[in-house]
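Peer 1: Submitted below is the structure of interest, expressed as structure tokens.
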2 protein chains.
Amino acid sequence: MNYSNASPKEVRQLIREGKITTQTSGMCDGFAQGNLLIIPKEHAYDFLLFTQRNPKPCPILEVGDVGSRLVKTMADNADIATDIPKYRLWEYGKLVDEYTDISHLWRDDFVYFLIGCSFSFEGELLASDVPVRHIEEGRNVPMYMTNIPCVPAGIFHGNVVVSMRPMPADQVIKAVSITSSMPRVHGAPIHIGDPEKIGIKDINKPDFGDSVTIKDGEIPVFWCCGVTPQSAVMSTKPPIAITHSPGHMFITDVKNSLLKD
Amino acid sequence: MNYSNASPKEVRQLIREGKITTQTSGMCDGFAQGNLLIIPKEHAYDFLLFTQRNPKPCPILEVGDVGSRLVKTMADNADIATDIPKYRLWEYGKLVDEYTDISHLWRDDFVYFLIGCSFSFEGELLASDVPVRHIEEGRNVPMYMTNIPCVPAGIFHGNVVVSMRPMPADQVIKAVSITSSMPRVHGAPIHIGDPEKIGIKDINKPDFGDSVTIKDGEIPVFWCCGVTPQSAVMSTKPPIAITHSPGHMFITDVKNSLLKD
């Protein structure tokens with residue numbers, strides 16, 4: 001089943017019932033998807049400041065009230081603890097387990113952060129005939145750890161994670177121009193060309209997601225990625241954190257076109 | 001003495017020495033100025049979330065580390081406790097006193113927030129022949145309390161404060177277009193025309209700053225204003241807060257042109 005024309009409400013309901021547990025790329029065409037981090041209130045100030053100091057990898061879409069699972073502005077009647085297909089539980093920076101529902105893990109002091117996702121600009125790229133290889137090949141977007149440090153804030157530090165889309169040189173300018181106008185979903189690329197310059201040793205072995213074909217003469221283009229908070233969790237090692245599983249996003253009721261500045 | 005061509009560093013030094021205690025509009029042509037709020041760490045998360053939920057009135061330029069008076073990214077070698085011409089001390093939402101230096105009030109748990117200022121886009125307006133009346137008339141910009149509520153966050157709530165610039169109808173579109181591209185300094189206007197629609201009873205009696213001439217046929221154009229945190233302090237009544245005095249800003253080393261998106 002292809003959910004590209006389904007409504008976010010329908011798909012979230014199927015996710016809530018455990019009937020969708022896959023990655024969400026291509027679902028609910030035109031609607032924004034979001035990355036997730038949940039941490040206790042004790043560390044929420046440091047993380048919110050981290051997002052403020054690192055707006056390209058961590059553009060905030062919504063922050064929940066302390067203890068609240070309710071999504072207020074980005075969706076109608078959504079529950080952040082059940083409406084994502086796959087969650088990751090982290091303890092002291094280590095991935096402990098994955099879940100399709102985290103109701104049983106929820107705590108009164110948890111705060112959720114929804115962070116913009118590059119899936120939002122892929123529709124805009126496709127509409128302008130810029131190729132999006134991982135969609136063409138039916139895979140998850142390739143994501144890589146880099147050697148680019150985030151600006152630290154309180155306990156939080158770590159390197160930027162990027163997503164990569166290869167394209168012919170003559171499409172790169174168009175891609176920069178289109179994504180520059182969407183700062184709430186990572187904005188313009190952070191790097192173009194040589195992967196080694198940003199610490200990526202093997203472009204065919206992404207740290208998250210799937211590898212994609214890079215055709216002869218194509219240039220890899222790198223955007224900041226909302227998996228960066230997971231990199232920060234690995235570096236910072238807080239006692240507990242919950243994130244989405246890369247590619248398994250929260251689907252909002254907000255159209256991508258409304259995330260333009 | 002006119003400081004329009006002086007460097008931010010020189011002017012901050014004169015402010016630090018108590019030799020400039022006036023409002024800063026028109027000083028250090030081309031360089032961004034910032035609004036200030038200082039609060040204890042205890043309330044810093046709520047305020048940071050307030051700025052995240054209200055980015056038009058409260059676009060963050062920099063947040064200090066807990067207890068630090070040092071400005072790191074917006075200026076070189078600046079001290080937030082001495083480098084603003086006039087400060088306001090607030091206790092339980094009441095204005096207690098004004099100071100030209102707050103070194104003696106500084107606490108180890110204080111956090112400062114520097115917030116973008118509409119002075120930054122006035123140079124862009126003038127460069128496009130959009131009139132800026134309060135500069136023409138040598139006054140402080142007129143600012144008003146409105147009936148537009150901010151999105152609350154934790155303890156913080158209050159109404160949006162706006163600044164107003166009157167202009168002929170044929171300049172309004174240009175003004176919207178120019179300021180739309182500068183979201184870090186309040187971005188596009190929040191209202192155009194009838195002041196009563198946003199709760200302003202007498203356009204000739206601003207709540208902060210000075211009144212300016214509105215010529216026959218001119219339309220008042222309203223932008224969100226960085227005095228909004230002071231409105232939130234008045235509504236929220238935290239035990240202690242320190243702000244700049246309206247119009248008496250922190251002058252940064254960052255050019256306005258770099259605050260475009």
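Identifiers for the structure tokens are assigned positionally: chains receive A, B, ... in sequence, residues are indexed from 1 per chain, and ligands are indexed from 1 in the order shown.
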With 9 Å as the limit and counting only C-alpha atoms, what residues in chain B lie close to chain A? Please list them as a ChimeraX atom specification.
Peer 2: /B:44-46,48-49,52-53,60,62-63,65-66,153-154,180-181,183,261
Peer 1: For the strand (DSSP E or B) assignment from backbone DSSP, which residues of segment 77-173 of chain A qualify? Please present them as a tab-separated table (two decimals) with all heavy atoms, in the first residue's frame.
Peer 2:
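Contents of states.tsv, freshly written:
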```
chain	number	residue	atom	x	y	z
A	78	ALA	N	-3.17	14.64	18.05
A	78	ALA	CA	-2.08	13.68	17.90
A	78	ALA	C	-1.41	13.43	19.25
A	78	ALA	O	-1.36	14.32	20.10
A	78	ALA	CB	-1.05	14.20	16.90
A	79	ASP	N	-0.92	12.20	19.41
A	79	ASP	CA	-0.28	11.77	20.65
A	79	ASP	C	1.17	11.40	20.31
A	79	ASP	O	1.42	10.46	19.56
A	79	ASP	CB	-1.03	10.56	21.20
A	79	ASP	CG	-0.42	10.02	22.49
A	79	ASP	OD1	0.75	10.36	22.81
A	79	ASP	OD2	-1.11	9.24	23.17
A	87	TYR	N	10.22	4.15	17.60
A	87	TYR	CA	10.95	4.99	18.55
A	87	TYR	C	12.23	4.30	18.98
A	87	TYR	O	12.33	3.07	18.94
A	87	TYR	CB	10.10	5.21	19.82
A	87	TYR	CG	8.79	5.90	19.61
A	87	TYR	CD1	7.64	5.19	19.25
A	87	TYR	CD2	8.67	7.27	19.81
A	87	TYR	CE1	6.42	5.82	19.08
A	87	TYR	CE2	7.45	7.93	19.64
A	87	TYR	CZ	6.33	7.19	19.28
A	87	TYR	OH	5.13	7.82	19.12
A	88	ARG	N	13.18	5.10	19.45
A	88	ARG	CA	14.41	4.56	20.01
A	88	ARG	C	14.58	5.06	21.45
A	88	ARG	O	14.47	6.26	21.70
A	88	ARG	CB	15.63	5.04	19.21
A	88	ARG	CG	15.68	4.43	17.82
A	88	ARG	CD	16.96	4.82	17.11
A	88	ARG	NE	17.28	3.80	16.13
A	88	ARG	CZ	18.38	3.79	15.38
A	88	ARG	NH1	19.27	4.76	15.50
A	88	ARG	NH2	18.61	2.82	14.53
A	89	LEU	N	14.86	4.13	22.35
A	89	LEU	CA	15.15	4.48	23.74
A	89	LEU	C	16.66	4.50	23.95
A	89	LEU	O	17.35	3.53	23.59
A	89	LEU	CB	14.51	3.46	24.68
A	89	LEU	CG	14.88	3.59	26.17
A	89	LEU	CD1	14.39	4.91	26.76
A	89	LEU	CD2	14.33	2.39	26.95
A	90	TRP	N	17.16	5.63	24.50
A	90	TRP	CA	18.59	5.80	24.74
A	90	TRP	C	18.84	5.94	26.24
A	90	TRP	O	18.16	6.73	26.91
A	90	TRP	CB	19.10	7.06	24.05
A	90	TRP	CG	18.87	7.10	22.57
A	90	TRP	CD1	17.70	7.43	21.94
A	90	TRP	CD2	19.83	6.82	21.55
A	90	TRP	NE1	17.87	7.36	20.57
A	90	TRP	CE2	19.17	7.00	20.30
A	90	TRP	CE3	21.17	6.43	21.55
A	90	TRP	CZ2	19.81	6.80	19.08
A	90	TRP	CZ3	21.81	6.24	20.34
A	90	TRP	CH2	21.13	6.42	19.12
A	91	GLU	N	19.82	5.21	26.76
A	91	GLU	CA	20.24	5.38	28.16
A	91	GLU	C	21.74	5.63	28.18
A	91	GLU	O	22.51	4.84	27.63
A	91	GLU	CB	19.87	4.15	28.99
A	91	GLU	CG	18.36	4.07	29.20
A	91	GLU	CD	17.90	2.82	29.96
A	91	GLU	OE1	18.78	1.99	30.33
A	91	GLU	OE2	16.69	2.66	30.15
A	94	LYS	N	23.56	5.24	24.93
A	94	LYS	CA	23.52	3.95	24.23
A	94	LYS	C	22.09	3.64	23.78
A	94	LYS	O	21.14	3.83	24.55
A	94	LYS	CB	23.98	2.80	25.15
A	94	LYS	CG	25.41	2.92	25.63
A	94	LYS	CD	26.39	2.32	24.62
A	94	LYS	CE	27.82	2.47	25.14
A	94	LYS	NZ	28.76	2.89	24.09
A	95	LEU	N	21.97	3.15	22.55
A	95	LEU	CA	20.67	2.70	22.06
A	95	LEU	C	20.29	1.40	22.78
A	95	LEU	O	20.99	0.39	22.68
A	95	LEU	CB	20.75	2.46	20.55
A	95	LEU	CG	19.49	1.89	19.89
A	95	LEU	CD1	18.30	2.79	20.09
A	95	LEU	CD2	19.74	1.68	18.40
A	96	VAL	N	19.17	1.45	23.54
A	96	VAL	CA	18.78	0.31	24.36
A	96	VAL	C	17.78	-0.57	23.63
A	96	VAL	O	17.88	-1.80	23.65
A	96	VAL	CB	18.14	0.81	25.68
A	96	VAL	CG1	17.60	-0.35	26.51
A	96	VAL	CG2	19.16	1.61	26.49
A	97	ASP	N	16.79	0.07	22.98
A	97	ASP	CA	15.75	-0.73	22.35
A	97	ASP	C	14.94	0.14	21.40
A	97	ASP	O	15.04	1.37	21.44
A	97	ASP	CB	14.82	-1.34	23.40
A	97	ASP	CG	14.23	-2.68	22.93
A	97	ASP	OD1	14.28	-2.96	21.71
A	97	ASP	OD2	13.73	-3.44	23.77
A	98	GLU	N	14.15	-0.51	20.55
A	98	GLU	CA	13.21	0.21	19.69
A	98	GLU	C	11.78	-0.24	20.02
A	98	GLU	O	11.55	-1.39	20.37
A	98	GLU	CB	13.52	-0.06	18.21
A	98	GLU	CG	14.83	0.59	17.75
A	98	GLU	CD	14.96	0.67	16.23
A	98	GLU	OE1	14.55	-0.30	15.54
A	98	GLU	OE2	15.48	1.68	15.75
A	99	TYR	N	10.84	0.70	19.90
A	99	TYR	CA	9.43	0.44	20.23
A	99	TYR	C	8.54	1.06	19.16
A	99	TYR	O	8.93	2.03	18.52
A	99	TYR	CB	9.06	1.07	21.58
A	99	TYR	CG	9.88	0.58	22.75
A	99	TYR	CD1	11.05	1.24	23.12
A	99	TYR	CD2	9.47	-0.52	23.49
A	99	TYR	CE1	11.80	0.80	24.19
A	99	TYR	CE2	10.22	-0.96	24.58
A	99	TYR	CZ	11.38	-0.31	24.91
A	99	TYR	OH	12.13	-0.75	25.97
A	110	PHE	N	8.62	14.50	31.19
A	110	PHE	CA	9.13	14.46	29.81
A	110	PHE	C	8.67	15.69	29.01
A	110	PHE	O	7.54	16.16	29.15
A	110	PHE	CB	8.63	13.20	29.08
A	110	PHE	CG	9.49	11.98	29.28
A	110	PHE	CD1	9.13	10.75	28.71
A	110	PHE	CD2	10.66	12.02	30.04
A	110	PHE	CE1	9.91	9.62	28.87
A	110	PHE	CE2	11.45	10.90	30.21
A	110	PHE	CZ	11.08	9.69	29.63
A	111	VAL	N	9.57	16.16	28.16
A	111	VAL	CA	9.27	17.25	27.22
A	111	VAL	C	9.64	16.76	25.82
A	111	VAL	O	10.72	16.20	25.63
A	111	VAL	CB	10.11	18.50	27.53
A	111	VAL	CG1	9.81	19.62	26.53
A	111	VAL	CG2	9.87	18.98	28.96
A	112	TYR	N	8.71	16.92	24.87
A	112	TYR	CA	9.06	16.51	23.51
A	112	TYR	C	9.43	17.72	22.65
A	112	TYR	O	8.91	18.82	22.83
A	112	TYR	CB	7.94	15.70	22.85
A	112	TYR	CG	6.76	16.50	22.39
A	112	TYR	CD1	6.80	17.23	21.21
A	112	TYR	CD2	5.58	16.52	23.12
A	112	TYR	CE1	5.72	17.98	20.78
A	112	TYR	CE2	4.49	17.26	22.71
A	112	TYR	CZ	4.57	17.99	21.54
A	112	TYR	OH	3.50	18.75	21.13
A	113	PHE	N	10.35	17.48	21.72
A	113	PHE	CA	10.77	18.48	20.73
A	113	PHE	C	10.53	17.90	19.35
A	113	PHE	O	11.07	16.83	19.03
A	113	PHE	CB	12.27	18.79	20.88
A	113	PHE	CG	12.62	19.43	22.19
A	113	PHE	CD1	12.76	18.67	23.34
A	113	PHE	CD2	12.82	20.80	22.26
A	113	PHE	CE1	13.08	19.28	24.56
A	113	PHE	CE2	13.15	21.41	23.47
A	113	PHE	CZ	13.28	20.64	24.62
A	114	LEU	N	9.72	18.58	18.54
A	114	LEU	CA	9.54	18.19	17.14
A	114	LEU	C	10.42	19.09	16.29
A	114	LEU	O	10.38	20.33	16.42
A	114	LEU	CB	8.09	18.39	16.72
A	114	LEU	CG	7.15	17.21	16.88
A	114	LEU	CD1	5.77	17.60	16.35
A	114	LEU	CD2	7.64	15.97	16.14
A	115	ILE	N	11.20	18.48	15.41
A	115	ILE	CA	12.22	19.19	14.65
A	115	ILE	C	12.00	18.97	13.17
A	115	ILE	O	11.69	17.85	12.74
A	115	ILE	CB	13.62	18.69	15.11
A	115	ILE	CG1	13.86	19.16	16.55
A	115	ILE	CG2	14.73	19.15	14.18
A	115	ILE	CD1	15.00	18.48	17.24
A	116	GLY	N	12.14	20.03	12.39
A	116	GLY	CA	11.88	19.98	10.95
A	116	GLY	C	12.70	18.90	10.24
A	116	GLY	O	13.79	18.53	10.67
A	143	MET	N	22.14	9.02	5.44
A	143	MET	CA	22.53	10.02	6.45
A	143	MET	C	23.90	9.65	7.01
A	143	MET	O	24.23	8.47	7.16
A	143	MET	CB	21.49	10.05	7.58
A	143	MET	CG	20.11	10.54	7.13
A	143	MET	SD	18.79	10.19	8.33
A	143	MET	CE	18.19	8.58	7.73
A	144	TYR	N	24.70	10.68	7.33
A	144	TYR	CA	26.10	10.47	7.73
A	144	TYR	C	26.45	11.32	8.94
A	144	TYR	O	26.04	12.48	9.03
A	144	TYR	CB	27.05	10.87	6.59
A	144	TYR	CG	26.73	10.23	5.27
A	144	TYR	CD1	25.77	10.77	4.42
A	144	TYR	CD2	27.39	9.06	4.87
A	144	TYR	CE1	25.47	10.17	3.20
A	144	TYR	CE2	27.09	8.46	3.65
A	144	TYR	CZ	26.13	9.02	2.82
A	144	TYR	OH	25.83	8.43	1.62
A	145	MET	N	27.27	10.77	9.83
A	145	MET	CA	27.93	11.57	10.86
A	145	MET	C	29.00	12.40	10.16
A	145	MET	O	29.66	11.91	9.24
A	145	MET	CB	28.62	10.68	11.89
A	145	MET	CG	27.70	9.78	12.67
A	145	MET	SD	26.76	10.64	13.93
A	145	MET	CE	28.08	11.14	15.02
A	146	THR	N	29.21	13.65	10.59
A	146	THR	CA	30.26	14.49	10.02
A	146	THR	C	31.28	14.86	11.11
A	146	THR	O	31.10	14.51	12.28
A	146	THR	CB	29.70	15.80	9.46
A	146	THR	OG1	29.28	16.64	10.55
A	146	THR	CG2	28.54	15.56	8.52
A	147	ASN	N	32.31	15.60	10.68
A	147	ASN	CA	33.27	16.13	11.65
A	147	ASN	C	32.96	17.61	11.99
A	147	ASN	O	33.79	18.31	12.55
A	147	ASN	CB	34.70	16.01	11.11
A	147	ASN	CG	34.87	16.76	9.79
A	147	ASN	OD1	33.98	17.48	9.37
A	147	ASN	ND2	36.01	16.56	9.15
A	148	ILE	N	31.74	18.06	11.64
A	148	ILE	CA	31.37	19.46	11.90
A	148	ILE	C	30.73	19.55	13.29
A	148	ILE	O	29.66	18.98	13.52
A	148	ILE	CB	30.34	19.96	10.86
A	148	ILE	CG1	30.88	19.76	9.44
A	148	ILE	CG2	29.97	21.41	11.13
A	148	ILE	CD1	29.82	19.94	8.35
A	149	PRO	N	31.38	20.24	14.23
A	149	PRO	CA	30.80	20.29	15.58
A	149	PRO	C	29.60	21.24	15.65
A	149	PRO	O	29.60	22.30	15.02
A	149	PRO	CB	31.95	20.83	16.44
A	149	PRO	CG	32.84	21.57	15.50
A	149	PRO	CD	32.67	20.95	14.14
A	153	ALA	N	25.71	23.64	24.09
A	153	ALA	CA	24.82	24.41	24.98
A	153	ALA	C	24.58	23.55	26.21
A	153	ALA	O	24.03	22.46	26.10
A	153	ALA	CB	23.51	24.73	24.28
A	156	PHE	N	24.71	19.65	26.25
A	156	PHE	CA	24.60	19.09	24.90
A	156	PHE	C	25.73	19.52	23.96
A	156	PHE	O	26.05	20.70	23.84
A	156	PHE	CB	23.24	19.43	24.27
A	156	PHE	CG	22.13	18.59	24.84
A	156	PHE	CD1	21.37	19.06	25.90
A	156	PHE	CD2	21.90	17.31	24.36
A	156	PHE	CE1	20.37	18.27	26.46
A	156	PHE	CE2	20.91	16.51	24.92
A	156	PHE	CZ	20.14	17.00	25.96
A	159	ASN	N	28.41	16.21	16.93
A	159	ASN	CA	28.62	16.65	15.56
A	159	ASN	C	27.33	16.64	14.75
A	159	ASN	O	26.38	15.91	15.07
A	159	ASN	CB	29.68	15.76	14.89
A	159	ASN	CG	31.08	16.05	15.41
A	159	ASN	OD1	31.26	16.96	16.23
A	159	ASN	ND2	32.05	15.29	14.96
A	160	VAL	N	27.33	17.45	13.69
A	160	VAL	CA	26.18	17.54	12.81
A	160	VAL	C	26.02	16.24	12.02
A	160	VAL	O	27.01	15.68	11.53
A	160	VAL	CB	26.35	18.72	11.83
A	160	VAL	CG1	25.25	18.73	10.77
A	160	VAL	CG2	26.39	20.05	12.58
A	161	VAL	N	24.78	15.76	11.90
A	161	VAL	CA	24.45	14.66	10.99
A	161	VAL	C	23.86	15.30	9.73
A	161	VAL	O	23.12	16.29	9.81
A	161	VAL	CB	23.43	13.70	11.63
A	161	VAL	CG1	22.99	12.61	10.64
A	161	VAL	CG2	24.02	13.06	12.89
A	162	VAL	N	24.22	14.74	8.57
A	162	VAL	CA	23.72	15.29	7.30
A	162	VAL	C	22.97	14.22	6.51
A	162	VAL	O	23.22	13.02	6.67
A	162	VAL	CB	24.87	15.83	6.42
A	162	VAL	CG1	25.50	17.05	7.06
A	162	VAL	CG2	25.93	14.75	6.14
A	163	SER	N	22.03	14.69	5.67
A	163	SER	CA	21.44	13.80	4.67
A	163	SER	C	22.05	14.17	3.32
A	163	SER	O	22.56	15.28	3.14
A	163	SER	CB	19.92	13.97	4.63
A	163	SER	OG	19.56	15.27	4.23
A	164	MET	N	22.06	13.24	2.38
A	164	MET	CA	22.75	13.48	1.10
A	164	MET	C	21.84	13.14	-0.08
A	164	MET	O	21.14	12.13	-0.05
A	164	MET	CB	24.02	12.63	1.03
A	164	MET	CG	24.93	12.92	-0.17
A	164	MET	SD	24.44	12.08	-1.72
A	164	MET	CE	24.83	10.37	-1.34
A	165	ARG	N	21.85	14.02	-1.07
A	165	ARG	CA	21.15	13.77	-2.33
A	165	ARG	C	22.12	14.09	-3.47
A	165	ARG	O	22.61	15.21	-3.56
A	165	ARG	CB	19.90	14.66	-2.43
A	165	ARG	CG	18.81	14.26	-1.41
A	165	ARG	CD	17.82	15.35	-1.12
A	165	ARG	NE	16.99	14.99	0.02
A	165	ARG	CZ	17.38	15.12	1.30
A	165	ARG	NH1	18.55	15.63	1.60
A	165	ARG	NH2	16.58	14.72	2.26
A	166	PRO	N	22.41	13.09	-4.33
A	166	PRO	CA	23.33	13.34	-5.46
A	166	PRO	C	22.56	13.94	-6.63
A	166	PRO	O	21.40	13.58	-6.87
A	166	PRO	CB	23.83	11.93	-5.81
A	166	PRO	CG	22.73	11.01	-5.39
A	166	PRO	CD	21.94	11.68	-4.30
A	167	MET	N	23.20	14.84	-7.37
A	167	MET	CA	22.53	15.45	-8.54
A	167	MET	C	23.57	16.00	-9.51
A	167	MET	O	24.71	16.26	-9.13
A	167	MET	CB	21.57	16.54	-8.08
A	167	MET	CG	22.21	17.68	-7.31
A	167	MET	SD	20.95	18.77	-6.57
A	167	MET	CE	20.31	17.73	-5.27
```
Peer 1: Excluding same-chain residues fewer than 4 positions from segment 120-133 of chain A, what lies within 8 Å of it counting only C-alpha atoms, as a PyMOL selection string?
Peer 2: chain A and resi 29-33+116+137+165-167+171+174-175+178-179+182+185+212-213+256
Peer 1: If we count only C-alpha atoms and set the cut-off at 6 Å, which residues sit around segment 226-232 of chain B, ignoring sequence neighbours fewer than 5 positions away in its own chain? Please answer as a list in words.
Peer 2: Asn35, Pro57, Cys58, Cys117, His157, Gly158, Val160 and Val161 of chain B
Peer 1: Just write the chosen residues, N, CA, C and O atoms, as an mmCIF file, in the first residue's frame.
Peer 2:
```cif
data_model
loop_
_atom_site.group_PDB
_atom_site.id
_atom_site.type_symbol
_atom_site.label_atom_id
_atom_site.label_comp_id
_atom_site.auth_asym_id
_atom_site.auth_seq_id
_atom_site.Cartn_x
_atom_site.Cartn_y
_atom_site.Cartn_z
ATOM 1 N N ASN B 35 17.653 44.090 21.661
ATOM 2 C CA ASN B 35 16.904 44.245 22.901
ATOM 3 C C ASN B 35 17.448 43.280 23.941
ATOM 4 O O ASN B 35 18.002 42.234 23.600
ATOM 5 N N PRO B 57 7.831 38.646 17.612
ATOM 6 C CA PRO B 57 8.241 39.684 18.583
ATOM 7 C C PRO B 57 9.580 39.392 19.253
ATOM 8 O O PRO B 57 10.249 40.321 19.702
ATOM 9 N N CYS B 58 9.965 38.112 19.363
ATOM 10 C CA CYS B 58 11.150 37.758 20.153
ATOM 11 C C CYS B 58 12.161 36.932 19.364
ATOM 12 O O CYS B 58 12.501 35.809 19.768
ATOM 13 N N CYS B 117 16.142 43.702 16.751
ATOM 14 C CA CYS B 117 15.533 45.030 16.885
ATOM 15 C C CYS B 117 15.194 45.576 15.499
ATOM 16 O O CYS B 117 15.955 45.414 14.552
ATOM 17 N N HIS B 157 3.570 35.074 29.733
ATOM 18 C CA HIS B 157 2.441 35.424 28.879
ATOM 19 C C HIS B 157 2.418 36.939 28.790
ATOM 20 O O HIS B 157 3.146 37.631 29.505
ATOM 21 N N GLY B 158 1.592 37.475 27.923
ATOM 22 C CA GLY B 158 1.509 38.933 27.763
ATOM 23 C C GLY B 158 1.175 39.263 26.320
ATOM 24 O O GLY B 158 1.150 38.376 25.462
ATOM 25 N N VAL B 160 1.590 41.375 22.609
ATOM 26 C CA VAL B 160 2.639 41.834 21.716
ATOM 27 C C VAL B 160 2.758 43.365 21.787
ATOM 28 O O VAL B 160 1.750 44.074 21.817
ATOM 29 N N VAL B 161 3.989 43.875 21.829
ATOM 30 C CA VAL B 161 4.264 45.298 21.674
ATOM 31 C C VAL B 161 4.699 45.517 20.223
ATOM 32 O O VAL B 161 5.410 44.679 19.655
#
```
Peer 1: Can you tell me which residues surround Cys28 of chain B at a distance of at most 9 Å, considering only C-alpha atoms, apart from same-chain residues fewer than 2 positions away, and format the answer as a list in words?
Peer 2: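 Residues meeting the cut-off are Tyr3, Ser4, Asn5, Ala6, Ser7, Pro8, Val11, Thr24, Ser25, Gly26, Gly30, Phe31, Ala32 and Ile251 of chain B.
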Peer 1: What is the atom CA of Thr252 of chain B-atom CA of Val71 of chain B distance in Å, reported with one decimal?
Peer 2: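 Computing the Euclidean distance for atom CA of Thr252 of chain B and atom CA of Val71 of chain B yields 9.2 Å.
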Peer 1: Skip segment 81-84 of chain B itself and residues of its chain fewer than 5 positions away, then list as a ChimeraX atom specification all residues within 12 Å of it, counting only C-alpha atoms.
Peer 2: /B:8-24,33-38,64,67-71,75-76,98-107,110-112,114,242-252
